[in-house]
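Novice: Right, I'll just put the structure down here and ask away after.
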Amino acid sequence: MANYPIQRLRRLRYNPKVRDLIRETEITKNDLIYPLFVVPGEDVKNEVKSMPGVYQMSINILVEECKEVEKMGVPAVILFGIPEHKDEVGSDAYNENGIIQRAIRAIKTEVKDLLIITDVCLCEYTSHGHCGVLDGDNILNDETVSLLAKEAVSHCQAGADMVAPSDMMDGRVSAIRKALDYKGYTHIPIMSYAVKYASGYYGPFRDAAESTPAFGDRRSHQMDIANTDEALREAKSDVEEGADIIMVKPAGAYLDIIRRVKDSLNMPTAAYQVSGEYAMIKAAGKLGWIDEERVMMESLVSIKRAGADMILTYFAKDAARIIDSNK
Ligand code: PBG
Ligand code: ZN
């Protein structure tokens, strides 16, 4: 440090009040979106083996959970559905009596002050676990896109406040935007999973959502983990197609991408701290190898510091509790 002893950086670190004054990044409850998994049945609450503290819930339990989330001051949930029946074309994804559609209606009847976002994809609904309609091993882009648009419309008809397409097909944001507008949902925002990498960090989620592909992988549509310029092309094209919020996923291993997307597009930016990120922190915490709470909050601060305006995280309730107890 050239200016020492005039400049002493430690001066701003001695007093906790001074530290509070100069702090640049703070996590608030308003930054949090809580993912939830809904399954058929009554009184079902199955803990996901690779995600302690995360459950598959039947609709009646889910409604109670949403009441609690609302009471804690977490503003939003994102819903994932596991249907009774899976088929080649994921019919239950766009069935007005599908699991998600029924779940939304049930939540909306009993919980008034919670934003409901829905994940729009076919992989939970197809018998083969792929994100779209297949021709042999190939996912048909345009055929899939029209089904995704139907799925998004049916979520809005059930009462969804926002839709979040996670499939990574080309052109799906504009198809969804057109379909929503045509049906009168011009006010419903699209949060696009614009930059979604083909990541090993989704492993535990596939247990939770029962959506592991029966063969092959998702590399023909999700992004190569090594690329950055392509992330900007993905994000830009989604903005041009009408996306309102751009998501980067996963979060912790892609902080550079969050920063680049935020700086180059000036869009509301979301980051998804995915199942594998959650599982790693939980596991090391359980073993006593790290301080779980501390590392969890550190992971959230780093995601926000990188440029995220909002974070989808399985830690949302835990973080809300910590935020409250620090007041
Ligand atoms: C479905 C979807 C996935 C996630 C969100 N939506 C899984 C996948 O692409 O296989 C991952 C979320 C997580 O790991 O927490 N397309
Ligand atoms: Zn999918």
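Labeling convention for the structure tokens: chains A, B, ... as they appear, residues from 1 per chain, ligands from 1 in order of appearance.
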Can you list, as a VMD selection string, every residue of stretch 129-254 of chain A that DSSP puts in strand (DSSP E or B)?
Specialist: chain A and resid 134 to 135 138 to 139 162 to 165 190 to 197 223 245 to 249
Novice: Let me see if you get this right: every residue at most 12 Å from ligand 2, counting only C-alpha atoms and all ligand atoms, written as number ranges by chain.
Specialist: A: 80-81, 90, 93, 119-126, 128-133, 139, 144, 148, 164-169, 193, 196-198, 202, 205-206, 209-213, 217-222
Novice: Point out the residue among A:Ser174, A:Val153, A:Gly53, A:Val38 with the least atom-to-atom distance to A:Glu84, counting only C-alpha atoms.
Specialist: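 The answer is A:Val38, which sits nearest to A:Glu84.
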Novice: Determine the nearest neighbour of A:Gly200 from the options A:Asp224, A:Asp324, A:Asp31, A:Glu151, counting only C-alpha atoms.
Specialist: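 Once distances to A:Gly200 are computed over only C-alpha atoms, the minimum belongs to A:Asp224.
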Novice: Env of A:Phe315: 8 Å cut, atoms = only C-alpha atoms, seq-sep filter 2 positions within chain, self excluded. Answer as JSON, numbers by chain.
Specialist: {"A": [34, 278, 296, 313, 317, 318, 319]}
Novice: Per DSSP on the backbone, what are the alpha helix (DSSP H) residues of stretch 96-138 of chain A, as an NGL selection string?
Specialist: :A and (99-110)
Novice: In Å, rounded to a single decimal, give me how far atom CA of A:Leu255 is from atom CA of A:Asp229.
Specialist: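 Between atom CA of A:Asp229 and atom CA of A:Leu255 the gap is 14.3 Å.
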Novice: What's the separation between atom CA of A:Glu24 and atom CA of A:Asn227, in Å to one decimal place?
Specialist: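 Going from atom CA of A:Glu24 over to atom CA of A:Asn227, I get 29.1 Å.
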Novice: Go through A:Ala194, A:Leu21, A:Ala76, A:Met162 and flag the residue nearest ligand 1, using only C-alpha atoms and all ligand atoms for the distances.
Specialist: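 When distances to ligand 1 are compared using only C-alpha atoms and all ligand atoms, the smallest one comes from A:Ala194.
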Novice: Between A:Ser237, A:Ser275, A:Ser154, A:Ser199, which has the minimum distance to ligand 1 (counting only C-alpha atoms and all ligand atoms)?
Specialist: A:Ser275
Novice: For atom CA of A:Met247 and atom CA of A:Ile311, quote the distance in Å rounded to one decimal.
Specialist: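 Those two atoms sit 9.2 Å apart.
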Novice: Near A:Gly242, within 8 Å and counting only C-alpha atoms, which residues show up once chain neighbours fewer than 3 positions away are dropped, as a PDB file with N, CA and C atoms, in the first residue's frame?
Specialist:
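result.pdb, written as the output of this step:
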ATOM      1  N   VAL A 173     -39.290 -17.926 -25.277  1.00  0.00           N
ATOM      2  CA  VAL A 173     -39.775 -16.728 -24.585  1.00  0.00           C
ATOM      3  C   VAL A 173     -40.761 -15.975 -25.482  1.00  0.00           C
ATOM      4  N   SER A 174     -40.422 -15.801 -26.759  1.00  0.00           N
ATOM      5  CA  SER A 174     -41.355 -15.064 -27.624  1.00  0.00           C
ATOM      6  C   SER A 174     -42.648 -15.855 -27.822  1.00  0.00           C
ATOM      7  N   ARG A 177     -44.596 -15.357 -24.615  1.00  0.00           N
ATOM      8  CA  ARG A 177     -45.086 -13.970 -24.542  1.00  0.00           C
ATOM      9  C   ARG A 177     -46.326 -13.787 -25.434  1.00  0.00           C
ATOM     10  N   ILE A 190     -42.387 -12.613 -17.436  1.00  0.00           N
ATOM     11  CA  ILE A 190     -41.648 -13.856 -17.706  1.00  0.00           C
ATOM     12  C   ILE A 190     -40.253 -13.736 -17.095  1.00  0.00           C
ATOM     13  N   ASP A 238     -33.117 -13.535 -25.198  1.00  0.00           N
ATOM     14  CA  ASP A 238     -34.329 -13.627 -24.369  1.00  0.00           C
ATOM     15  C   ASP A 238     -34.919 -12.251 -24.069  1.00  0.00           C
ATOM     16  N   VAL A 239     -34.050 -11.269 -23.873  1.00  0.00           N
ATOM     17  CA  VAL A 239     -34.543  -9.903 -23.644  1.00  0.00           C
ATOM     18  C   VAL A 239     -35.268  -9.421 -24.901  1.00  0.00           C
TER      19      VAL A 239
END
Novice: In terms of the shortest atom-to-atom distance over only C-alpha atoms and all ligand atoms, which of A:Ala308, A:Ala279, A:Val301, A:Leu9 is closest to ligand 1?
Specialist: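 Using only C-alpha atoms and all ligand atoms, the shortest distance to ligand 1 belongs to A:Ala279.
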Novice: Which residue out of A:Gly136, A:Pro268, A:Gly276, A:Pro40 has the minimum interatomic distance to ligand 1 when only C-alpha atoms and all ligand atoms are used?
Specialist: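 So, comparing all the options, the nearest one is A:Gly276.
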Novice: For A:Ile258, work out the shell of residues within 12 Å, counting only C-alpha atoms and skipping chain neighbours fewer than 5 positions away, then give it as a ChimeraX atom specification.
Specialist: /A:194-196,228,231-232,235,246-253,263-273,302-311
Novice: Hey, can you spit out that residue selection with C-alpha atoms as a PDB file, in the first residue's frame?
Specialist:
ATOM      1  CA  ALA A 194     -31.882 -17.513 -19.912  1.00  0.00           C
ATOM      2  CA  VAL A 195     -28.453 -18.746 -18.963  1.00  0.00           C
ATOM      3  CA  LYS A 196     -28.745 -22.296 -17.765  1.00  0.00           C
ATOM      4  CA  THR A 228     -19.241 -16.971 -21.279  1.00  0.00           C
ATOM      5  CA  ALA A 231     -24.275 -16.612 -22.010  1.00  0.00           C
ATOM      6  CA  LEU A 232     -24.611 -13.036 -23.183  1.00  0.00           C
ATOM      7  CA  ALA A 235     -29.538 -13.472 -22.316  1.00  0.00           C
ATOM      8  CA  ILE A 246     -33.050 -12.844 -16.708  1.00  0.00           C
ATOM      9  CA  MET A 247     -31.869 -15.800 -14.665  1.00  0.00           C
ATOM     10  CA  VAL A 248     -28.415 -17.307 -14.370  1.00  0.00           C
ATOM     11  CA  LYS A 249     -28.192 -20.874 -13.096  1.00  0.00           C
ATOM     12  CA  PRO A 250     -26.392 -22.315 -11.147  1.00  0.00           C
ATOM     13  CA  ALA A 251     -25.260 -19.357  -9.070  1.00  0.00           C
ATOM     14  CA  GLY A 252     -22.226 -20.013  -6.872  1.00  0.00           C
ATOM     15  CA  ALA A 253     -19.949 -21.449  -9.543  1.00  0.00           C
ATOM     16  CA  ASP A 263     -23.377  -5.263 -16.447  1.00  0.00           C
ATOM     17  CA  SER A 264     -24.109  -5.814 -20.106  1.00  0.00           C
ATOM     18  CA  LEU A 265     -27.891  -6.053 -20.123  1.00  0.00           C
ATOM     19  CA  ASN A 266     -29.045  -3.806 -17.287  1.00  0.00           C
ATOM     20  CA  MET A 267     -31.926  -6.158 -16.626  1.00  0.00           C
ATOM     21  CA  PRO A 268     -33.438  -7.403 -13.393  1.00  0.00           C
ATOM     22  CA  THR A 269     -31.264 -10.425 -12.777  1.00  0.00           C
ATOM     23  CA  ALA A 270     -32.078 -13.567 -10.845  1.00  0.00           C
ATOM     24  CA  ALA A 271     -29.676 -16.284  -9.768  1.00  0.00           C
ATOM     25  CA  TYR A 272     -30.658 -19.839  -8.870  1.00  0.00           C
ATOM     26  CA  GLN A 273     -28.657 -21.345  -6.031  1.00  0.00           C
ATOM     27  CA  SER A 302     -21.625 -13.432  -2.748  1.00  0.00           C
ATOM     28  CA  ILE A 303     -24.424 -14.090  -5.239  1.00  0.00           C
ATOM     29  CA  LYS A 304     -25.961 -10.702  -4.574  1.00  0.00           C
ATOM     30  CA  ARG A 305     -22.561  -9.004  -4.617  1.00  0.00           C
ATOM     31  CA  ALA A 306     -21.998 -10.507  -8.066  1.00  0.00           C
ATOM     32  CA  GLY A 307     -25.054  -8.621  -9.309  1.00  0.00           C
ATOM     33  CA  ALA A 308     -28.143 -10.701  -8.617  1.00  0.00           C
ATOM     34  CA  ASP A 309     -31.242  -8.727  -7.659  1.00  0.00           C
ATOM     35  CA  MET A 310     -33.009 -11.844  -6.429  1.00  0.00           C
ATOM     36  CA  ILE A 311     -32.013 -15.363  -5.447  1.00  0.00           C
TER      37      ILE A 311
END
